[in-house]
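To start, the structure itself, in structure tokens.
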Amino acid sequence: MPTTQNEGMNASKIVKVENLSKTFGALKAVDNVSFEVYEGEIFGFLGPNGAGKTTTINMLTTLIKPSSGKAEVCGYDVFKHANEVRRSVGVVPQEYTADEDMTGINNILLCADLYGMPRSDSKIHAEELLELVELQDAAKRKVSTYSGGMRRRLELACGLINYPKLLFLDEPTLGLDVQTRTAVWRYIKTLKEDYHMTLFMTTHYLEEADSVCDRIAIIDHGHIIKTGSPEELKESVGGDVIVVSVKESEPDISSDIAQIKLVTSVRKNDSTYRIKAELGEEASPQITDLIRSKGLHVTKVSLTKPTLDEAYLEFTGRSLREEEVDKLQMFRQRVTMRRARS
Amino acid sequence: MDTDKINSANVETPSADSAVEQKQEASPMVKERKFRTPPKPNTSPLHGLWALTNRDLRKWYLNPIQLLISLIQPIIWLALFGKALNFGTFIAGSGATPAQQNAILLSFFGTTSYFSFLACGMLAFIVLFTSAFSGMSVVFDRRFGFLNKALTTPVARGSIVMGKILQSVGRSLVQAAIVLVIAVVLGMDASHFTVLGIVGAFFAIFLMGIGLSALFTMLALRSADWQTQTAIINLINLPLLFASNALFPTKIMPTWLQDIANVNPVSYANDATRQLLIGATNMPNLLVDFSVLIAFAVILSTIGIVLSWRFLSK
């Protein structure tokens with residue numbers, strides 16, 4: 001939000017990534033990615049499934065080793081000083097990792113033990129965190145009785161048990177209903193504003209990136225396509241977007257459309273033209289007239305002012321689409337969504 | 001999508017106004033909006049080991065049905081194998097005199113009671129079958145994400161593997177103790193029992209359990225597929241049982257099978273428990289048994305820990 005511009009240069013970098021790549025066999029999951037995250041901001045990784053978001057988070061949280069490149073988190077190299085990185089960050093994975101047979105509080109205490117936090121402290125801290133995520137009443141219940149939203153909040157509490165400076169959240173609202181999603185956003189903002197934490201999250205919900213994040217990196221096919229604040233990204237889309245659908249199998253007249261004065265760019269996808277124009281209201285009738293004058297048929301016209309959706313489309317060339325990802329990841333995602341709805 | 005958008009607009013805090021609003025709404029929830037100073041964490045390489053072991057053990061001892069089944073199972077095996085498949089009755093039907101019968105039994109089994117011989121084998125059997133499933137919980141932890149969660153914490157990778165091994169050994173020892181009690185109730189010869197002998201026998205079982213659990217855990221390190229894991233378990237544990245002296249003495253086996261049985265660590269555990277519990281022996285001596293078992297446990301758990309550094313994460 002407005003603050004990023006000012007703090008951009010002064011704030012210290014809590015994550016530094018240089019030319020990071022990860023290949024699985026022939027697949028380049030993350031391809032030569034470089035970016036920075038500043039202390040105190042909410043940084044969002046936006047992209048469709050299979051874009052490389054989770055792979056990047058997994059490298060930064062020391063779960064997988066980079067194939068090449070460098071990454072520093074909280075001042076430590078993720079490869080050489082993995083344990084220091086693990087101690088300084090918190091991780092809220094995409095899946096529900098809490099043990100269903102245990103109570104909420106015992107799950108948090110288990111995490112505390114894995115971080116080596118002394119029991120005398122973790123007992124108090126666990127209570128504080130349960131209060132933060134409004135789960136204190138359910139603390140002594142087994143996780144198997146929790147709803148999806150409660151589980152997500154418990155995961156959040158577990159991720160905070162080691163007093164992290166930086167919290168990674170992988171798709172924190174996947175499959176959640178609107179109310180819970182809003183609650184999760186509220187906790188995320190509380191952590192930033194009141195506890196001065198830095199948050200690194202991935203999402204494929206555009207509105208989430210738009211309303212929560214200070215800065216966003218759009219990632220697709222393992223590449224970072226664009227980085228900036230939501231406002232910057234929206235502005236960089238330029239003019240209005242006109243989408244014109246024609247009948248299939250009709251000839252491509254993109255070059256003719258591009259001749260129209262107000263039109264700045266034209267792209268054709270199947271039977272749809274995506275046209276950017278300076279004054280959409282004036283340009284669209286001209287475009288439809290042109291198409292009709294060629295004896296072709298317009299089936300649909302729409303005019304949109306730029307949103308982050310448009311920015312996303314603009315930079316990736318398509319809307320958020322499902323991409324084939326590895327089987328295990330899909331399985332986990334399905335489990336997560338199923339449990340979220342339970 | 002549309003309703004989502006409207007909602008997201010509500011939570012957005014671009015202006016100072018709504019930020020203030022949100023603070024007011026949130027402030028009664030937590031009095032002081034600051035975490036306390038973090039304590040110094042325990043950085044010893046063994047931290048978290050007990051927590052991980054206990055996590056799996058709790059699932060067992062806090063689940064009455066699972067506990068009951070795991071206790072009934074060895075009883076059924078003992079009754080079925082020990083009583084139905086009784087060599088004593090075969091030989092009794094041969095028409096030999098009681099003295100001759102005893103001599104035959106003694107020369108084959110080192111004891112006149114086949115049931116006592118088998119009861120010792122059953123101790124190893126229950127440990128083998130419990131250990132075989134130690135890898136299964138690694139598969140489930142990987143599948144449901146707990147493993148990834150644990151891997152993002154500074155807990156030693158070796159502790160994750162050792163936790164799985166120890167929980168499986170813990171269950172095995174409890175089950176073995178119950179098998180022993182039931183066996184005595186059903187007629188196992190307890191005249192040779194000494195405190196030291198029982199402790200020694202359980203130590204032998206403990207070592208075998210460590211080695212076997214390490215073996216099955218390391219086979220599961222990379223797997224997220226329980227069908228494959230079940231197939232691996234079945235492939236390995238029945239041959240390990242039958243190519244050992246658990247059910248029959250090696251001397252009635254063909255030589256090629258004897259050779260396998262003589263390198264099978266299960267045979268050494270059986271031999272040790274038989275010597276210590278019923279005074280029977282058909283293999284060298286206790287020192288050899290324990291040397292082999294200690295080597296088996298140490299080598300396999302070391303391999304397991306080393307592999308965990310390399311293969312637990314991708």
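Residues are referred to by chain and number: the chain letter is A, B, ... according to the order shown in the structure tokens, the number counts from 1 in that chain, and ligands are numbered separately from 1 in the order shown.
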Hey, could you make a per-residue contact list for chain A against chain B with 7 Å as the cut-off, showing the nearest pair of atoms and its distance in Å to one decimal, counting only C-alpha atoms, sorted by chain and number, as a Markdown table?
```
| residue | atom | partner | partner_atom | distance |
| --- | --- | --- | --- | --- |
| A:Met1 | CA | B:Pro14 | CA | 6.7 |
| A:Thr61 | CA | B:Thr152 | CA | 6.1 |
| A:Thr62 | CA | B:Thr152 | CA | 6.5 |
| A:Leu63 | CA | B:Ser313 | CA | 5.9 |
| A:Ile64 | CA | B:Lys314 | CA | 5.2 |
| A:Lys65 | CA | B:Lys314 | CA | 7.0 |
| A:Asn83 | CA | B:Pro154 | CA | 5.2 |
| A:Arg86 | CA | B:Thr153 | CA | 5.3 |
| A:Arg87 | CA | B:Pro154 | CA | 6.1 |
| A:Glu95 | CA | B:Gly145 | CA | 6.0 |
| A:Tyr96 | CA | B:Gly145 | CA | 7.0 |
| A:Thr97 | CA | B:Phe146 | CA | 4.6 |
| A:Ala98 | CA | B:Phe146 | CA | 6.8 |
| A:Asp101 | CA | B:Lys59 | CA | 6.8 |
| A:Leu110 | CA | B:Ala51 | CA | 6.3 |
| A:Asp113 | CA | B:Gly48 | CA | 5.2 |
| A:Leu114 | CA | B:Gly48 | CA | 4.7 |
| A:Tyr115 | CA | B:Thr153 | CA | 5.8 |
| A:Gly116 | CA | B:Asn42 | CA | 4.6 |
| A:Met117 | CA | B:Pro41 | CA | 4.8 |
| A:Pro118 | CA | B:Pro41 | CA | 6.5 |
| A:Leu132 | CA | B:Val30 | CA | 6.8 |
| A:Tyr163 | CA | B:Pro38 | CA | 6.2 |
| A:Val178 | CA | B:Asp4 | CA | 6.6 |
| A:Thr182 | CA | B:Val11 | CA | 6.9 |
| A:Asp194 | CA | B:Arg33 | CA | 5.9 |
| A:Tyr195 | CA | B:Lys34 | CA | 5.6 |
| A:Glu207 | CA | B:Lys5 | CA | 6.3 |
| A:Ser211 | CA | B:Glu12 | CA | 5.0 |
| A:Val212 | CA | B:Glu12 | CA | 7.0 |
| A:Arg332 | CA | B:Phe144 | CA | 6.7 |
```
May I have the selected residues written with C-alpha atoms, as a short mmCIF file (atom, residue, chain, number, x, y, z; two decimals), in the first residue's frame?
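This is the output file again.cif:
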```cif
data_model
loop_
_atom_site.label_atom_id
_atom_site.label_comp_id
_atom_site.auth_asym_id
_atom_site.auth_seq_id
_atom_site.Cartn_x
_atom_site.Cartn_y
_atom_site.Cartn_z
CA MET A 1 0.00 0.00 0.00
CA THR A 61 11.84 -22.71 4.02
CA THR A 62 14.65 -25.26 3.45
CA LEU A 63 12.31 -28.07 2.44
CA ILE A 64 13.96 -28.59 -0.92
CA LYS A 65 17.38 -27.67 -2.15
CA ASN A 83 18.89 -24.64 10.76
CA ARG A 86 14.37 -22.74 10.27
CA ARG A 87 14.73 -21.14 13.69
CA GLU A 95 -1.99 -28.56 3.81
CA TYR A 96 -3.52 -29.09 7.20
CA THR A 97 -0.59 -30.63 9.00
CA ALA A 98 -2.04 -30.73 12.49
CA ASP A 101 -5.90 -37.32 16.96
CA LEU A 110 4.32 -30.43 19.69
CA ASP A 113 8.98 -29.04 21.09
CA LEU A 114 10.20 -29.43 17.54
CA TYR A 115 11.56 -25.90 17.73
CA GLY A 116 13.16 -26.72 21.07
CA MET A 117 11.14 -24.08 22.92
CA PRO A 118 11.22 -24.67 26.65
CA LEU A 132 -4.87 -14.44 18.87
CA TYR A 163 8.43 -16.14 17.58
CA VAL A 178 -15.69 -16.04 2.67
CA THR A 182 -11.72 -12.48 5.82
CA ASP A 194 0.73 -4.83 15.57
CA TYR A 195 3.51 -7.37 15.81
CA GLU A 207 -8.63 -10.19 -4.74
CA SER A 211 -6.45 -6.38 -0.60
CA VAL A 212 -3.80 -7.94 1.65
CA ARG A 332 -2.75 -32.67 -0.87
#
```
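Atom CA of A:Leu233 to atom CA of A:Lys53 spans 18.7 Å [interatomic distance, one decimal].
The interatomic distance for the pair atom CA of B:Pro74 and atom CA of B:Val169 works out to 15.6 Å.
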Excluding A:Ser236 and residues on its chain fewer than 5 positions from it, collect all residues at most 12 Å away from it, counting only C-alpha atoms, and give them as a list in words.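 In the requested format, the answer is Lys226, Thr227, Gly228, Ser229, Pro230, Glu231, Pro306, Thr307, Leu308, Glu310, Ala311, Tyr312, Glu314 and Phe315 of chain A.
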Could you check how far atom CA of B:Lys251 sits from atom CA of B:Leu277, in Å to one decimal?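 Straight-line distance from atom CA of B:Lys251 to atom CA of B:Leu277 works out to 20.6 Å.
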